[in-house]
>>> print(open('structure25.pdb').read())   # PDB, C-alpha atoms
ATOM      1  CA  MET A   1     -38.126  -0.309  -9.095
ATOM      2  CA  PHE A   2     -41.194  -0.987 -11.200
ATOM      3  CA  LEU A   3     -40.116   1.640 -13.733
ATOM      4  CA  GLU A   4     -36.655   0.102 -13.903
ATOM      5  CA  ALA A   5     -38.077  -3.337 -14.645
ATOM      6  CA  LEU A   6     -40.620  -2.067 -17.151
ATOM      7  CA  GLY A   7     -38.101   0.183 -18.880
ATOM      8  CA  SER A   8     -35.485  -2.521 -19.129
ATOM      9  CA  ALA A   9     -37.997  -5.073 -20.445
ATOM     10  CA  LEU A  10     -39.149  -2.647 -23.123
ATOM     11  CA  LEU A  11     -35.550  -1.802 -23.949
ATOM     12  CA  GLY A  12     -34.660  -5.476 -24.340
ATOM     13  CA  LEU A  13     -37.738  -6.118 -26.460
ATOM     14  CA  ALA A  14     -36.954  -3.176 -28.734
ATOM     15  CA  LEU A  15     -33.343  -4.275 -29.068
ATOM     16  CA  ALA A  16     -34.322  -7.845 -29.933
ATOM     17  CA  TRP A  17     -36.903  -6.616 -32.443
ATOM     18  CA  ALA A  18     -34.332  -4.340 -34.094
ATOM     19  CA  GLY A  19     -31.867  -7.218 -34.259
ATOM     20  CA  LEU A  20     -34.457  -9.437 -35.897
ATOM     21  CA  HIS A  21     -35.129  -6.854 -38.571
ATOM     22  CA  ARG A  22     -31.481  -5.986 -39.207
ATOM     23  CA  LEU A  23     -30.020  -9.526 -39.085
ATOM     24  CA  PRO A  24     -32.815 -12.024 -39.831
ATOM     25  CA  HIS A  25     -30.454 -14.423 -41.632
ATOM     26  CA  ARG A  26     -28.036 -14.619 -38.701
ATOM     27  CA  LEU A  27     -30.478 -15.055 -35.798
ATOM     28  CA  PRO A  28     -32.617 -18.073 -34.911
ATOM     29  CA  SER A  29     -36.401 -17.963 -34.682
ATOM     30  CA  ARG A  30     -38.318 -15.014 -33.270
ATOM     31  CA  THR A  31     -39.668 -17.154 -30.411
ATOM     32  CA  LEU A  32     -36.129 -17.476 -29.064
ATOM     33  CA  VAL A  33     -34.713 -14.024 -29.803
ATOM     34  CA  LEU A  34     -37.439 -11.851 -28.259
ATOM     35  CA  PRO A  35     -37.486 -13.548 -24.820
ATOM     36  CA  THR A  36     -33.680 -13.637 -24.777
ATOM     37  CA  GLY A  37     -33.508  -9.885 -25.256
ATOM     38  CA  VAL A  38     -36.056  -9.242 -22.513
ATOM     39  CA  ALA A  39     -34.473 -11.717 -20.093
ATOM     40  CA  GLY A  40     -31.006 -10.284 -20.683
ATOM     41  CA  ALA A  41     -32.238  -6.760 -20.045
ATOM     42  CA  LEU A  42     -34.081  -7.766 -16.879
ATOM     43  CA  PHE A  43     -31.025  -9.598 -15.590
ATOM     44  CA  GLY A  44     -28.820  -6.599 -16.367
ATOM     45  CA  ALA A  45     -31.221  -4.292 -14.546
ATOM     46  CA  PHE A  46     -31.234  -6.666 -11.572
ATOM     47  CA  LEU A  47     -27.432  -6.707 -11.455
ATOM     48  CA  MET A  48     -27.137  -2.952 -11.683
ATOM     49  CA  HIS A  49     -29.892  -2.366  -9.136
ATOM     50  CA  SER A  50     -28.210  -4.794  -6.744
ATOM     51  CA  ALA A  51     -24.854  -3.089  -7.170
ATOM     52  CA  LEU A  52     -25.977   0.547  -7.085
ATOM     53  CA  GLY A  53     -29.305   0.610  -5.300
ATOM     54  CA  ALA A  54     -32.305   2.689  -6.245
ATOM     55  CA  GLY A  55     -32.155   6.144  -7.760
ATOM     56  CA  HIS A  56     -29.813   5.520 -10.699
ATOM     57  CA  LEU A  57     -32.333   4.915 -13.473
ATOM     58  CA  LEU A  58     -30.156   5.817 -16.475
ATOM     59  CA  VAL A  59     -27.198   3.795 -15.234
ATOM     60  CA  ILE A  60     -29.451   0.805 -14.545
ATOM     61  CA  LEU A  61     -30.966   1.023 -18.027
ATOM     62  CA  THR A  62     -27.485   1.250 -19.504
ATOM     63  CA  GLY A  63     -26.485  -1.916 -17.677
ATOM     64  CA  ALA A  64     -29.668  -3.587 -18.906
ATOM     65  CA  LEU A  65     -28.801  -2.592 -22.462
ATOM     66  CA  ILE A  66     -25.264  -3.964 -22.183
ATOM     67  CA  VAL A  67     -26.331  -7.346 -20.790
ATOM     68  CA  SER A  68     -29.144  -7.625 -23.347
ATOM     69  CA  VAL A  69     -26.730  -6.972 -26.215
ATOM     70  CA  ALA A  70     -24.315  -9.528 -24.785
ATOM     71  CA  SER A  71     -26.998 -12.204 -24.471
ATOM     72  CA  LEU A  72     -28.318 -11.538 -27.979
ATOM     73  CA  SER A  73     -24.817 -11.694 -29.416
ATOM     74  CA  LEU A  74     -24.553 -15.274 -28.182
ATOM     75  CA  LEU A  75     -27.370 -16.218 -30.567
ATOM     76  CA  LEU A  76     -25.661 -14.924 -33.710
ATOM     77  CA  ARG A  77     -24.657 -17.440 -36.349
ATOM     78  CA  PRO A  78     -21.745 -16.857 -38.722
ATOM     79  CA  ALA A  79     -22.529 -15.364 -42.113
ATOM     80  CA  GLU A  80     -22.453 -17.749 -45.054
ATOM     81  CA  ARG A  81     -19.969 -15.715 -47.069
ATOM     82  CA  PHE A  82     -17.282 -15.949 -44.405
ATOM     83  CA  ARG A  83     -17.236 -19.725 -44.135
ATOM     84  CA  ARG A  84     -14.069 -21.318 -45.315
ATOM     85  CA  ARG A  85     -13.626 -24.824 -46.562
ATOM     86  CA  SER A  86     -11.231 -27.065 -44.784
ATOM     87  CA  ALA A  87      -8.079 -28.170 -46.538
ATOM     88  CA  THR A  88      -9.186 -31.804 -46.523
ATOM     89  CA  ALA A  89     -12.592 -31.185 -48.124
TER      90      ALA A  89
END
>>> encode(input="structure25.pdb", output="structure tokens")
Amino acid sequence: MFLEALGSALLGLALAWAGLHRLPHRLPSRTLVLPTGVAGALFGAFLMHSALGAGHLLVILTGALIVSVASLSLLLRPAERFRRRSATA
């Protein structure tokens, strides 16, 4: 269980770091993005471990990755070039 938690935390941290370097203009500050990635991955690992039990390391890490991506996607802001003006403005 320790390896699952450590692996998922590192996976979430790496995913958040990659997101910060690929989309810095669409994500908020680093102090919010990095803990969100780690917390999402840990929560995903907890859910998968609760559902499957021990012994399914790759499946648990996959679940951690999915929940981490989902939680980081909630932080994305729209790109500036896609904003439309309202008809009344």
>>> atom_distance(input="structure25.pdb", atom1="CA of Glu4 (chain A)", atom2="CA of Pro24 (chain A)")
28.9 Å
>>> resolve_selection(input="structure25.pdb", expression="the PyMOL selection byres ((chain A and resi 7) around 12)", output="PyMOL selection string")
chain A and resi 1-6+8-14+38+41-42+44-45+57-58+60-65
>>> atom_distance(input="structure25.pdb", atom1="CA of Ala18 (chain A)", atom2="CA of Ala79 (chain A)")
18.0 Å
>>> resolve_selection(input="structure25.pdb", expression="the PyMOL selection byres ((chain A and resi 73) around 12)", output="JSON, numbers by chain")
{"A": [15, 16, 19, 20, 23, 26, 27, 28, 33, 36, 37, 40, 66, 67, 68, 69, 70, 71, 72, 74, 75, 76, 77, 78]}
>>> atom_distance(input="structure25.pdb", atom1="CA of His49 (chain A)", atom2="CA of Pro35 (chain A)")
20.7 Å
